[in-house]
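First up is the structure itself, then whatever we jot down about it.
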Amino acid sequence: MRHFKQVFIIGIVVVVALTVLAACDGKDDSEKSFVPGPKVCTHGDSIAMAARFTGNFEYFLAVTDSLAEAGELSPIRADGYRGVAYFQMGQMDKCIEYFRRVVSIENPPAEDFWEYVHAGTNLVIILTTDRDYDNAMHTALQLIDKLKDVNSPECAGELQTLYLCLGDTQMMLERHKDAAQSYDEAYKWVLQTPNDSTCRPLAACIETLENIAVSHLNHHMDEAGVWVDRMDSLVTLYEQQPKVIEKEVKALRALVTLHRARVLQQRGQETEAARYYADYTQTDYGKSLEGRIDGCEYLMSARRYDEAADIYTNLDQFIRDWGYEYDLETIGHNLLPKLRANYLSGRRDSALHVAMQIAEVYDTALVRQKRSESAELATIYDTQGKERQILEQRAKNRLVTTISIAASLMALLVLAFAVYAFSQWRVSRKRNRVLVDQITEALEYKKKYKELKQQTHPQPLPEMEGSANTQDGITNDKQVEEVTTPLTPREGQGGGSSVIISDMTPLTDEQLFLCLRDLIENEQLYLKPDFGRQTLIEHTGLSKERIGAAFAQGSDRISLPAYVRELRLDYAVRLMNDQPEIAVELVSQASGFSSADTFTRNFRAKYGMTPTTYKQTLNNE
């Protein structure tokens with residue numbers, strides 16, 4: 001009997017043990033099915049990426065659809081590429097829709113896991129930028145939950161971005177304690193991010209720390225100094241890497257100096273703060289338009305209003321160049337400081353002009369901002385009905401107050417705006433005439449300078465195969481002919497033919513830059529709408545790195561896109577001068593711009609008027 005009991009007990013123990021082992025094995029198998037492998041680039045990915053790097057994102061979208069239909073791309077990869085395409089085309093609603101389709105998949109396949117996470121991280125960034133805090137936080141936490149048990153070097157980069165966005169969202173909602181925890185998590189993953197020979201992961205980590213430091217500075221928090229120190233440490237590490245971009249290193253070091261100035265100013269150490277700011281203004285980045293705008297935060301806190309007002313005169317150009325919209329955040333972070341700087345410096349007319357600008361864009365910005373903010377906050381932070389009602393009421397009160405202030409401001413500025421508009425109309429015609437004369441004079445000067453330079457110091461291109469150069473390296477000015485349709489590419493420029501520059505090895509970067517410059521101008525490659533670095537590669541046979549080095553060393557004041565844009569604008573002005581009746585759309589096509597809107601935007605940025613106004617002023621002579 002005793003033996004039977006022992007056998008029975010042992011049998012029960014064995015059954016329980018087997019049951020537990022079976023359960024453990026099942027759990028392991030379940031977990032293993034979601035363990036991602038390394039990133040794998042499929043044949044379909046290679047084709048899609050080649051289409052993406054053409055810069056034609058409608059073509060990229062069509063290729064992605066074809067590959068998905070043929071089974072070369074999985075649904076996750078295809079929708080991720082579609083989201084990128086729509087983002088590049090500015091169709092944010094469709095971009096968000098496709099990224100959400102990826103994130104909505106409950107259990108992504110292991111082979112598509114990193115594409116799933118990357119699409120979700122992009123979605124979090126976009127939602128945070130759009131102030132859609134509820135969905136941004138929900139998506140970030142969903143992705144963090146899927147990544148927390150994954151042991152892979154790929155995790156660190158994604159997690160630092162997710163925790164950064166999570167902290168930014170919490171900071172904007174004044175959940176400072178939660179934000180501090182999220183930022184600390186981001187920093188933990190920054191320290192675990194592996195670097196590589198490109199140093200891009202390290203640069204991304206520095207950007208993460210700078211965003212956190214700026215967030216603390218903007219909220220006047222004492223912890224800002226800690227984050228600036230951490231950023232400083234990573235920048236120092238970045239400077240010691242063997243292959244770094246010198247311009248980027250200098251810009252990062254300049255930003256550290258600026259942030260230190262702001263930290264010291266907040267601490268009341270004004271003399272030390274002024275010294276750091278003075279050092280910042282002597283850097284290349286501090287002298288740039290972006291750098292000077294960034295420095296206005298310090299100038300305003302230091303009550304140096306005259307200096308800030310002078311810099312803010314270029315604010316509209318800065319906003320246009322960077323493609324920003326006049327939403328409530330832009331008004332709060334840029335236009336209102338500009339208004340205060342002009343008012344406090346005694347420039348009342350300028351302050352009135354900025355106030356009218358705020359009144360003009362406020363309604364549009366307010367419409368963008370109406371997202372049922374109260375429901376967002378309640379969904380994120382409240383589960384109790386009473387507290388939800390309190391938050392909703394507070395949000396409604398804020399909205400009513402904002403609308404009341406806007407209405408009052410509009411009423412006060414109507415009369416002033418009318419007077420200002422009348423005076424602007426009177427001076428605009430005179431101003432436009434002066435601008436047209438200056439543009440024409442500058443264009444003639446460029447033409448004469450080029451002719452004189454070719455006569456005194458001719459520098460012919462190296463020997464080329466298949467080139468369509470004009471003789472003696474002189475561009476034929478007769479090509480600006482009557483235009484009724486978009487100009488066709490010149491013989492030898494496109495259609496798959498290449499111009500191979502022979503034996504470029506002995507040339508220095510500066511010499512190669514001059515050769516490439518002459519090739520672009522003499523062959524009029526800049527008139528091709530899709531012209532870019534890839535075009536030069538096709539025409540010369542040089543590598544992307546060789547061409548990039550040539551432009552980096554040969555021209556320290558202008559990039560390849562900016563240089564091509566200058567050539568196109570000069571060509572457009574000559575065309576309108578020779579043919580005053582030509583339509584702006586045809587000028588845009590003939591000059592190589594992708595659209596009339598792009599042409600108009602770049603023309604206005606350079607010359608201070610639209611092409612239509614330029615033509616009208618010419619015809620009214």
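Naming scheme: A, B, ... for chains in displayed order of the structure tokens; residues 1 onward per chain; ligands 1 onward as shown.
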
Exercise. Excluding stretch 560-570 of chain A and residues on its chain fewer than 4 positions from it, collect all residues at most 7 Å away from it, counting only C-alpha atoms, and give them as a list of chain:residue names.
Key: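 Selected residues are A:Leu443, A:Tyr526, A:Leu527, A:Phe551, A:Arg574, A:Ser591, A:Gly592, A:Phe603.
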
Quiz prompt | Nearby residues (only C-alpha atoms) at most 8 Å from stretch 247-253 of chain A, same-chain spacing under 6 positions excluded, as a PyMOL selection string | solution = chain A and resi 232+235+238-239+283-285

Next, dump the selected residues to file, keeping only all heavy atoms, as a compact mmCIF listing (two decimals), in the first residue's frame.
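To be explicit, this is the file written out as part26.txt:
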# COMPACT_ATOMS: atom_id res chain seq x y z
N ASP A 232 27.44 67.65 -24.75
CA ASP A 232 28.84 68.07 -24.91
C ASP A 232 29.76 66.85 -24.93
O ASP A 232 30.69 66.75 -25.73
CB ASP A 232 29.21 69.02 -23.77
CG ASP A 232 30.56 69.68 -24.00
OD1 ASP A 232 31.19 69.44 -25.04
OD2 ASP A 232 30.99 70.45 -23.13
N VAL A 235 29.45 65.06 -28.26
CA VAL A 235 30.08 65.83 -29.33
C VAL A 235 31.60 65.67 -29.27
O VAL A 235 32.27 65.53 -30.29
CB VAL A 235 29.69 67.32 -29.25
CG1 VAL A 235 30.51 68.16 -30.23
CG2 VAL A 235 28.21 67.49 -29.54
N TYR A 238 32.38 62.43 -30.71
CA TYR A 238 32.20 62.50 -32.16
C TYR A 238 33.40 63.16 -32.83
O TYR A 238 33.85 62.74 -33.90
CB TYR A 238 30.92 63.28 -32.45
CG TYR A 238 30.50 63.29 -33.91
CD1 TYR A 238 30.72 62.21 -34.74
CD2 TYR A 238 29.84 64.39 -34.44
CE1 TYR A 238 30.32 62.21 -36.06
CE2 TYR A 238 29.44 64.41 -35.77
CZ TYR A 238 29.68 63.32 -36.57
OH TYR A 238 29.28 63.34 -37.88
N GLU A 239 33.96 64.19 -32.21
CA GLU A 239 35.11 64.89 -32.76
C GLU A 239 36.34 63.98 -32.87
O GLU A 239 37.23 64.23 -33.69
CB GLU A 239 35.45 66.11 -31.90
CG GLU A 239 34.41 67.22 -31.97
CD GLU A 239 34.65 68.30 -30.95
OE1 GLU A 239 35.23 68.00 -29.88
OE2 GLU A 239 34.28 69.45 -31.21
N THR A 283 31.28 81.44 -34.75
CA THR A 283 31.33 80.15 -35.45
C THR A 283 30.63 80.27 -36.80
O THR A 283 29.82 81.17 -37.03
CB THR A 283 30.64 79.06 -34.62
OG1 THR A 283 29.24 79.37 -34.48
CG2 THR A 283 31.28 78.96 -33.24
N ASP A 284 30.96 79.34 -37.69
CA ASP A 284 30.32 79.33 -39.01
C ASP A 284 28.82 79.15 -38.89
O ASP A 284 28.04 79.81 -39.58
CB ASP A 284 30.91 78.22 -39.89
CG ASP A 284 32.37 78.50 -40.26
OD1 ASP A 284 32.78 79.67 -40.18
OD2 ASP A 284 33.08 77.54 -40.61
N TYR A 285 28.40 78.24 -37.99
CA TYR A 285 26.96 78.02 -37.82
C TYR A 285 26.30 79.25 -37.22
O TYR A 285 25.20 79.64 -37.62
CB TYR A 285 26.72 76.80 -36.93
CG TYR A 285 25.25 76.52 -36.71
CD1 TYR A 285 24.51 75.86 -37.68
CD2 TYR A 285 24.62 76.92 -35.53
CE1 TYR A 285 23.16 75.61 -37.48
CE2 TYR A 285 23.27 76.67 -35.33
CZ TYR A 285 22.54 76.01 -36.30
OH TYR A 285 21.22 75.77 -36.11

Quiz prompt | Residue set, stretch 135-384 of chain A restricted to helix (DSSP H, G or I), as number ranges by chain | solution = A: 135-147, 154-172, 176-191, 200-218, 224-239, 246-266, 270-281, 284-287, 289-301, 305-312, 315-322, 328-344, 348-369, 373-381

Self-check item: Test item: residues at most 9 Å from stretch 93-102 of chain A, only C-alpha atoms, excluding those fewer than 5 positions along its chain, as number ranges by chain
Solution: A: 75-77, 79-88, 108, 115-117, 119-120, 122-123, 126-127

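Put simply, atom CA of A:Ala572 is 9.3 Å away from atom CA of A:Val584.
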
Practice problem: Tell me, as a list of chain:residue names, which residues lie within 12 Å of A:Leu67, counting only C-alpha atoms; anything in the same chain fewer than 2 positions away does not count. | Solution: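 My list of contacting residues is A:Thr42, A:His43, A:Gly44, A:Asp45, A:Ser46, A:Ile47, A:Ala48, A:Met49, A:Ala51, A:Phe60, A:Leu61, A:Ala62, A:Val63, A:Thr64, A:Asp65, A:Glu69, A:Ala70, A:Gly71, A:Glu72, A:Leu73, A:Ser74, A:Pro75, A:Arg77, A:Ala78, A:Asp79, A:Tyr81, A:Arg82.
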
Exercise. Can you pull out every residue within 10 Å of A:Ala550, counting only C-alpha atoms, but drop anything in the same chain fewer than 6 positions away, and send it as a ChimeraX atom specification?
Key: /A:507-516,544

Exercise. For A:Glu154, list every protein, DNA or RNA residue within 10 Å, evaluated using only C-alpha atoms, and leave out those in the same chain fewer than 5 positions away; present the list as a PyMOL selection string.
Key: chain A and resi 38-39+114+147+159+193-194

Quiz item: Of the candidates A:Lys188, A:Lys338, A:Lys528, A:His138, which shows the shortest atom-to-atom distance to A:Phe593, using only C-alpha atoms?
Solution: A:Lys528

Practice problem: Pick out the closest residue to A:Val256 from this set: A:Met609, A:Leu234, A:Leu315, A:Ala110. Count only C-alpha atoms. | Solution: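 Using only C-alpha atoms, A:Val256 sits closest to A:Leu234.
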
With only C-alpha atoms counted and 12 Å as the cut-off, give the residues of stretch 152-207 of chain A in contact with stretch 240-246 of chain A, each with its shortest interatomic distance in Å and the pair that gives it, as JSON lines.
{"residue": "A:Asn195", "atom": "CA", "partner": "A:Gln241", "partner_atom": "CA", "distance": 10.2}
{"residue": "A:Asp196", "atom": "CA", "partner": "A:Gln241", "partner_atom": "CA", "distance": 10.0}
{"residue": "A:Ser197", "atom": "CA", "partner": "A:Lys243", "partner_atom": "CA", "distance": 7.1}
{"residue": "A:Thr198", "atom": "CA", "partner": "A:Lys243", "partner_atom": "CA", "distance": 7.0}
{"residue": "A:Cys199", "atom": "CA", "partner": "A:Val244", "partner_atom": "CA", "distance": 6.9}
{"residue": "A:Arg200", "atom": "CA", "partner": "A:Val244", "partner_atom": "CA", "distance": 9.2}
{"residue": "A:Pro201", "atom": "CA", "partner": "A:Val244", "partner_atom": "CA", "distance": 12.0}
{"residue": "A:Leu202", "atom": "CA", "partner": "A:Gln241", "partner_atom": "CA", "distance": 9.9}
{"residue": "A:Ala203", "atom": "CA", "partner": "A:Val244", "partner_atom": "CA", "distance": 9.6}
